[in-house]
file target_24.pdb (PDB, C-alpha atoms)
ATOM      1  CA  MET X   1     124.277  35.754  26.932  1.00  0.00           C
ATOM      2  CA  ASN X   2     123.998  38.863  28.761  1.00  0.00           C
ATOM      3  CA  ASP X   3     120.268  38.905  28.169  1.00  0.00           C
ATOM      4  CA  LYS X   4     119.918  35.391  29.463  1.00  0.00           C
ATOM      5  CA  VAL X   5     121.829  36.208  32.624  1.00  0.00           C
ATOM      6  CA  GLN X   6     119.657  39.235  33.117  1.00  0.00           C
ATOM      7  CA  GLU X   7     116.519  37.125  32.679  1.00  0.00           C
ATOM      8  CA  GLY X   8     117.811  34.573  35.173  1.00  0.00           C
ATOM      9  CA  ARG X   9     118.413  37.275  37.717  1.00  0.00           C
ATOM     10  CA  GLU X  10     114.946  38.690  37.214  1.00  0.00           C
ATOM     11  CA  PHE X  11     113.491  35.202  37.513  1.00  0.00           C
ATOM     12  CA  ARG X  12     115.365  34.577  40.759  1.00  0.00           C
ATOM     13  CA  TYR X  13     114.334  37.963  42.071  1.00  0.00           C
ATOM     14  CA  HIS X  14     110.784  37.257  41.106  1.00  0.00           C
ATOM     15  CA  CYS X  15     110.895  33.852  42.833  1.00  0.00           C
ATOM     16  CA  ARG X  16     112.405  35.418  45.931  1.00  0.00           C
ATOM     17  CA  GLY X  17     109.650  37.990  45.851  1.00  0.00           C
ATOM     18  CA  MET X  18     107.089  35.237  45.849  1.00  0.00           C
ATOM     19  CA  ASN X  19     108.719  33.590  48.806  1.00  0.00           C
ATOM     20  CA  SER X  20     108.908  36.886  50.604  1.00  0.00           C
ATOM     21  CA  THR X  21     105.191  37.591  49.885  1.00  0.00           C
ATOM     22  CA  ALA X  22     104.146  34.054  50.900  1.00  0.00           C
ATOM     23  CA  LYS X  23     105.472  34.535  54.419  1.00  0.00           C
ATOM     24  CA  PRO X  24     103.441  37.695  55.126  1.00  0.00           C
ATOM     25  CA  ALA X  25     100.340  35.998  53.660  1.00  0.00           C
ATOM     26  CA  ARG X  26     100.798  33.066  56.059  1.00  0.00           C
ATOM     27  CA  ASP X  27     101.255  35.478  58.941  1.00  0.00           C
ATOM     28  CA  SER X  28      98.099  37.383  58.011  1.00  0.00           C
ATOM     29  CA  ARG X  29      96.094  34.130  57.874  1.00  0.00           C
ATOM     30  CA  ARG X  30      97.375  33.128  61.305  1.00  0.00           C
ATOM     31  CA  ARG X  31      96.562  36.567  62.643  1.00  0.00           C
ATOM     32  CA  ALA X  32      93.031  36.393  61.165  1.00  0.00           C
ATOM     33  CA  LEU X  33      92.510  32.894  62.581  1.00  0.00           C
ATOM     34  CA  ARG X  34      93.764  34.067  65.979  1.00  0.00           C
ATOM     35  CA  GLU X  35      91.424  37.059  65.887  1.00  0.00           C
ATOM     36  CA  ILE X  36      88.462  34.905  64.883  1.00  0.00           C
ATOM     37  CA  LEU X  37      89.260  32.478  67.684  1.00  0.00           C
ATOM     38  CA  LEU X  38      89.614  35.278  70.252  1.00  0.00           C
ATOM     39  CA  PHE X  39      86.401  37.002  69.157  1.00  0.00           C
ATOM     40  CA  GLY X  40      84.555  33.648  69.141  1.00  0.00           C
ATOM     41  CA  LEU X  41      85.740  32.810  72.664  1.00  0.00           C
ATOM     42  CA  GLY X  42      84.915  36.319  73.839  1.00  0.00           C
ATOM     43  CA  GLY X  43      81.425  36.068  72.327  1.00  0.00           C
ATOM     44  CA  GLY X  44      80.909  32.666  73.924  1.00  0.00           C
ATOM     45  CA  VAL X  45      81.935  33.997  77.333  1.00  0.00           C
ATOM     46  CA  LEU X  46      79.585  36.973  76.949  1.00  0.00           C
ATOM     47  CA  ILE X  47      76.676  34.742  75.914  1.00  0.00           C
ATOM     48  CA  THR X  48      77.368  32.470  78.902  1.00  0.00           C
ATOM     49  CA  ILE X  49      77.365  35.460  81.242  1.00  0.00           C
ATOM     50  CA  LEU X  50      74.085  36.700  79.747  1.00  0.00           C
ATOM     51  CA  LYS X  51      72.471  33.275  80.106  1.00  0.00           C
ATOM     52  CA  LEU X  52      73.597  33.019  83.743  1.00  0.00           C
ATOM     53  CA  THR X  53      72.172  36.475  84.386  1.00  0.00           C
ATOM     54  CA  GLU X  54      68.917  35.447  82.709  1.00  0.00           C
ATOM     55  CA  TYR X  55      68.847  32.244  84.801  1.00  0.00           C
ATOM     56  CA  ARG X  56      69.482  34.229  87.943  1.00  0.00           C
ATOM     57  CA  PHE X  57      66.735  36.688  87.036  1.00  0.00           C
ATOM     58  CA  LEU X  58      64.194  34.000  86.165  1.00  0.00           C
ATOM     59  CA  VAL X  59      64.908  31.316  88.720  1.00  0.00           C
ATOM     60  CA  VAL X  60      66.509  33.035  91.658  1.00  0.00           C
ATOM     61  CA  GLU X  61      64.495  36.232  91.702  1.00  0.00           C
ATOM     62  CA  HIS X  62      61.200  34.560  90.718  1.00  0.00           C
ATOM     63  CA  SER X  63      61.660  31.328  92.634  1.00  0.00           C
ATOM     64  CA  LEU X  64      58.673  32.006  94.884  1.00  0.00           C
ATOM     65  CA  GLU X  65      56.384  32.368  91.868  1.00  0.00           C
ATOM     66  CA  ILE X  66      57.796  29.219  90.264  1.00  0.00           C
ATOM     67  CA  TYR X  67      57.348  27.198  93.454  1.00  0.00           C
ATOM     68  CA  GLY X  68      53.853  28.618  93.880  1.00  0.00           C
ATOM     69  CA  GLY X  69      52.934  27.617  90.318  1.00  0.00           C
ATOM     70  CA  LEU X  70      54.281  24.091  90.801  1.00  0.00           C
ATOM     71  CA  VAL X  71      52.363  23.686  94.074  1.00  0.00           C
ATOM     72  CA  ALA X  72      49.188  25.050  92.434  1.00  0.00           C
ATOM     73  CA  ALA X  73      49.509  22.604  89.527  1.00  0.00           C
ATOM     74  CA  LEU X  74      50.102  19.716  91.949  1.00  0.00           C
ATOM     75  CA  PHE X  75      47.074  20.603  94.080  1.00  0.00           C
ATOM     76  CA  SER X  76      44.907  21.099  90.976  1.00  0.00           C
ATOM     77  CA  ALA X  77      45.800  17.642  89.694  1.00  0.00           C
ATOM     78  CA  LEU X  78      45.252  16.127  93.147  1.00  0.00           C
ATOM     79  CA  GLY X  79      41.899  17.918  93.468  1.00  0.00           C
ATOM     80  CA  ILE X  80      40.678  16.710  90.106  1.00  0.00           C
ATOM     81  CA  TRP X  81      41.722  13.134  90.845  1.00  0.00           C
ATOM     82  CA  LEU X  82      40.193  13.203  94.331  1.00  0.00           C
ATOM     83  CA  GLY X  83      36.977  14.801  93.049  1.00  0.00           C
ATOM     84  CA  LEU X  84      36.557  12.178  90.360  1.00  0.00           C
ATOM     85  CA  THR X  85      37.317   9.394  92.814  1.00  0.00           C
ATOM     86  CA  LEU X  86      34.938  10.570  95.525  1.00  0.00           C
ATOM     87  CA  THR X  87      32.035  11.495  93.259  1.00  0.00           C
ATOM     88  CA  ARG X  88      32.124   8.331  91.196  1.00  0.00           C
ATOM     89  CA  LYS X  89      28.793   6.653  91.624  1.00  0.00           C
ATOM     90  CA  LYS X  90      28.968   3.100  92.736  1.00  0.00           C
ATOM     91  CA  VAL X  91      26.123   1.262  91.125  1.00  0.00           C
ATOM     92  CA  GLN X  92      24.740  -1.656  93.018  1.00  0.00           C
ATOM     93  CA  VAL X  93      22.441  -3.859  91.060  1.00  0.00           C
ATOM     94  CA  ILE X  94      19.837  -5.401  93.253  1.00  0.00           C
ATOM     95  CA  GLN X  95      17.889  -8.051  91.511  1.00  0.00           C
ATOM     96  CA  THR X  96      14.401  -8.388  92.792  1.00  0.00           C
ATOM     97  CA  PRO X  97      12.103 -10.970  91.438  1.00  0.00           C
ATOM     98  CA  PRO X  98       9.552  -9.343  89.159  1.00  0.00           C
ATOM     99  CA  ALA X  99       6.162  -8.885  90.706  1.00  0.00           C
ATOM    100  CA  GLN X 100       3.593 -11.148  89.234  1.00  0.00           C
ATOM    101  CA  PHE X 101       1.394  -9.089  86.980  1.00  0.00           C
ATOM    102  CA  THR X 102      -2.133 -10.225  86.460  1.00  0.00           C
ATOM    103  CA  LEU X 103      -4.327  -8.547  83.921  1.00  0.00           C
ATOM    104  CA  ASP X 104      -7.538  -7.147  85.327  1.00  0.00           C
ATOM    105  CA  ASP X 105      -9.993  -8.785  82.940  1.00  0.00           C
ATOM    106  CA  ARG X 106     -12.989  -7.121  84.580  1.00  0.00           C
ATOM    107  CA  ARG X 107     -11.508  -3.645  84.081  1.00  0.00           C
ATOM    108  CA  GLN X 108     -10.579  -4.501  80.480  1.00  0.00           C
ATOM    109  CA  ALA X 109     -14.177  -5.546  79.803  1.00  0.00           C
ATOM    110  CA  GLU X 110     -15.555  -2.392  81.486  1.00  0.00           C
ATOM    111  CA  LEU X 111     -13.429  -0.155  79.290  1.00  0.00           C
ATOM    112  CA  GLY X 112     -14.069  -2.250  76.187  1.00  0.00           C
ATOM    113  CA  VAL X 113     -10.346  -2.556  75.332  1.00  0.00           C
ATOM    114  CA  THR X 114      -9.695  -5.214  72.684  1.00  0.00           C
ATOM    115  CA  ALA X 115      -6.732  -7.589  72.697  1.00  0.00           C
ATOM    116  CA  ARG X 116      -5.095  -5.737  69.791  1.00  0.00           C
ATOM    117  CA  GLU X 117      -5.519  -2.369  71.560  1.00  0.00           C
ATOM    118  CA  LEU X 118      -4.020  -3.901  74.693  1.00  0.00           C
ATOM    119  CA  GLU X 119      -1.069  -5.169  72.651  1.00  0.00           C
ATOM    120  CA  ILE X 120      -0.549  -1.703  71.147  1.00  0.00           C
ATOM    121  CA  LEU X 121      -0.742  -0.132  74.615  1.00  0.00           C
ATOM    122  CA  GLY X 122       2.036  -2.464  75.785  1.00  0.00           C
ATOM    123  CA  LEU X 123       4.214  -1.492  72.805  1.00  0.00           C
ATOM    124  CA  ILE X 124       3.541   2.203  73.439  1.00  0.00           C
ATOM    125  CA  ALA X 125       4.637   1.645  77.053  1.00  0.00           C
ATOM    126  CA  ALA X 126       7.826   0.019  75.714  1.00  0.00           C
ATOM    127  CA  GLY X 127       8.604   3.324  73.950  1.00  0.00           C
ATOM    128  CA  LEU X 128       8.026   2.281  70.346  1.00  0.00           C
ATOM    129  CA  SER X 129       6.831   4.747  67.721  1.00  0.00           C
ATOM    130  CA  ASN X 130       3.780   4.153  65.522  1.00  0.00           C
ATOM    131  CA  ARG X 131       6.035   3.075  62.647  1.00  0.00           C
ATOM    132  CA  GLU X 132       7.945   0.591  64.847  1.00  0.00           C
ATOM    133  CA  ILE X 133       4.688  -0.816  66.231  1.00  0.00           C
ATOM    134  CA  ALA X 134       3.349  -1.237  62.674  1.00  0.00           C
ATOM    135  CA  GLU X 135       6.513  -3.111  61.622  1.00  0.00           C
ATOM    136  CA  ARG X 136       6.398  -5.383  64.657  1.00  0.00           C
ATOM    137  CA  LEU X 137       2.678  -6.252  64.264  1.00  0.00           C
ATOM    138  CA  PHE X 138       2.824  -6.435  60.450  1.00  0.00           C
ATOM    139  CA  VAL X 139       0.080  -3.858  59.971  1.00  0.00           C
ATOM    140  CA  SER X 140       0.016  -0.398  58.393  1.00  0.00           C
ATOM    141  CA  GLU X 141       0.890   2.713  60.324  1.00  0.00           C
ATOM    142  CA  ASN X 142      -2.633   4.014  59.829  1.00  0.00           C
ATOM    143  CA  THR X 143      -4.024   0.884  61.501  1.00  0.00           C
ATOM    144  CA  VAL X 144      -1.819   1.561  64.521  1.00  0.00           C
ATOM    145  CA  LYS X 145      -3.033   5.169  64.620  1.00  0.00           C
ATOM    146  CA  THR X 146      -6.654   4.012  64.476  1.00  0.00           C
ATOM    147  CA  HIS X 147      -6.197   1.504  67.329  1.00  0.00           C
ATOM    148  CA  SER X 148      -4.270   4.122  69.354  1.00  0.00           C
ATOM    149  CA  SER X 149      -6.956   6.783  68.969  1.00  0.00           C
ATOM    150  CA  ARG X 150      -9.732   4.307  69.966  1.00  0.00           C
ATOM    151  CA  LEU X 151      -7.644   3.240  72.964  1.00  0.00           C
ATOM    152  CA  PHE X 152      -7.069   6.867  74.000  1.00  0.00           C
ATOM    153  CA  ASP X 153     -10.836   7.497  73.799  1.00  0.00           C
ATOM    154  CA  LYS X 154     -11.622   4.431  75.944  1.00  0.00           C
ATOM    155  CA  LEU X 155      -9.014   5.380  78.575  1.00  0.00           C
ATOM    156  CA  GLY X 156      -9.793   9.121  78.430  1.00  0.00           C
ATOM    157  CA  ALA X 157      -6.202   9.993  77.522  1.00  0.00           C
ATOM    158  CA  LYS X 158      -4.977  12.807  75.314  1.00  0.00           C
ATOM    159  CA  ARG X 159      -1.328  11.785  74.969  1.00  0.00           C
ATOM    160  CA  ARG X 160       0.655   8.561  74.735  1.00  0.00           C
ATOM    161  CA  THR X 161       2.286   9.048  78.142  1.00  0.00           C
ATOM    162  CA  GLN X 162      -1.078   9.675  79.754  1.00  0.00           C
ATOM    163  CA  ALA X 163      -2.478   6.513  78.129  1.00  0.00           C
ATOM    164  CA  VAL X 164       0.410   4.461  79.526  1.00  0.00           C
ATOM    165  CA  GLN X 165      -0.126   5.916  83.004  1.00  0.00           C
ATOM    166  CA  LEU X 166      -3.866   5.238  82.930  1.00  0.00           C
ATOM    167  CA  GLY X 167      -3.253   1.724  81.565  1.00  0.00           C
ATOM    168  CA  LYS X 168      -0.945   0.944  84.515  1.00  0.00           C
ATOM    169  CA  GLU X 169      -3.449   2.321  87.001  1.00  0.00           C
ATOM    170  CA  ALA X 170      -6.186   0.181  85.453  1.00  0.00           C
ATOM    171  CA  ARG X 171      -3.846  -2.858  85.656  1.00  0.00           C
ATOM    172  CA  LEU X 172      -4.003  -3.361  81.894  1.00  0.00           C
ATOM    173  CA  ILE X 173      -0.184  -3.302  81.505  1.00  0.00           C
ATOM    174  CA  PRO X 174       2.636  -4.002  83.983  1.00  0.00           C
TER     175      PRO X 174
END
call {"tool": "encode", "arguments": {"input": "target_24.pdb", "output": "structure tokens"}}
result
Amino acid sequence: MNDKVQEGREFRYHCRGMNSTAKPARDSRRRALREILLFGLGGGVLITILKLTEYRFLVVEHSLEIYGGLVAALFSALGIWLGLTLTRKKVQVIQTPPAQFTLDDRRQAELGVTARELEILGLIAAGLSNREIAERLFVSENTVKTHSSRLFDKLGAKRRTQAVQLGKEARLIP
């Protein structure tokens, strides 16, 4: 029985020891939490002070540059808008009745221009290529080239644009 009493006392002592160690552990947790909270608040205050200093440095000390930049951006946008508005071309379409074109038959006979050559000259004046003229007239491209070269010889032209100009002067095309 003596052993059992001794064990009971040790058990109680051990339990008391746990209770006595639990209290300091709780106190150390509270102290750590308090320290974390204090350091966190202190850090937050320091960061706030640094941000206010940065704001003061950027905005207050450089306010003239900021205002100048804003005014420059505003005037740039206004200038671009005004420039586009003022330089926009206003197109007025004036419809005039087309002048009556009459073919100068006498000049056509003098030059010896055939009806097919005259038709090709009109299509050249319309800006069509030899291939497009051949497709429109249902002939080969070589036929168009042959008619074009004979027409150039009769008009005394060396190029397509010159042939069109001479054809207009001779009143063969409008």
call {"tool": "closest_residue", "arguments": {"input": "target_24.pdb", "among": "X:Ile120, X:Leu58, X:Ala125, X:Val164", "to": "X:Glu141", "atoms": "only C-alpha atoms"}}
result
X:Ile120
call {"tool": "atom_distance", "arguments": {"input": "target_24.pdb", "atom1": "atom CA of X:Phe138", "atom2": "atom CA of X:Asp153"}}
result
23.6 Å
call {"tool": "atom_distance", "arguments": {"input": "target_24.pdb", "atom1": "atom CA of X:Ser140", "atom2": "atom CA of X:Arg116"}}
result
13.6 Å
call {"tool": "resolve_selection", "arguments": {"input": "target_24.pdb", "expression": "the PyMOL selection byres ((chain X and resi 117) around 9)", "output": "list in words"}}
result
Val113, Thr114, Ala115, Arg116, Leu118, Glu119, Ile120, Leu121, Gly122, Val144, His147, Ser148, Arg150 and Leu151 of chain X
call {"tool": "write_last_selection", "arguments": {"input": "target_24.pdb", "atoms": "C-alpha atoms", "output": "CSV table (one decimal), keeping the file's coordinate frame"}}
result
chain,number,residue,atom,x,y,z
X,113,VAL,CA,-10.3,-2.6,75.3
X,114,THR,CA,-9.7,-5.2,72.7
X,115,ALA,CA,-6.7,-7.6,72.7
X,116,ARG,CA,-5.1,-5.7,69.8
X,118,LEU,CA,-4.0,-3.9,74.7
X,119,GLU,CA,-1.1,-5.2,72.7
X,120,ILE,CA,-0.5,-1.7,71.1
X,121,LEU,CA,-0.7,-0.1,74.6
X,122,GLY,CA,2.0,-2.5,75.8
X,144,VAL,CA,-1.8,1.6,64.5
X,147,HIS,CA,-6.2,1.5,67.3
X,148,SER,CA,-4.3,4.1,69.4
X,150,ARG,CA,-9.7,4.3,70.0
X,151,LEU,CA,-7.6,3.2,73.0
call {"tool": "resolve_selection", "arguments": {"input": "target_24.pdb", "expression": "the PyMOL selection byres ((chain X and resi 95-106) around 8)", "output": "ChimeraX atom specification"}}
result
/X:93-94,107-110,170-174
call {"tool": "closest_residue", "arguments": {"input": "target_24.pdb", "among": "X:Leu137, X:Ile36, X:Leu155, X:Val71", "to": "X:Gly112", "atoms": "only C-alpha atoms"}}
result
X:Leu155
call {"tool": "closest_residue", "arguments": {"input": "target_24.pdb", "among": "X:Ile49, X:Leu38, X:Val59, X:Leu166", "to": "X:Lys154", "atoms": "only C-alpha atoms"}}
result
X:Leu166
call {"tool": "atom_distance", "arguments": {"input": "target_24.pdb", "atom1": "atom CA of X:Lys51", "atom2": "atom CA of X:Leu74"}}
result
28.7 Å
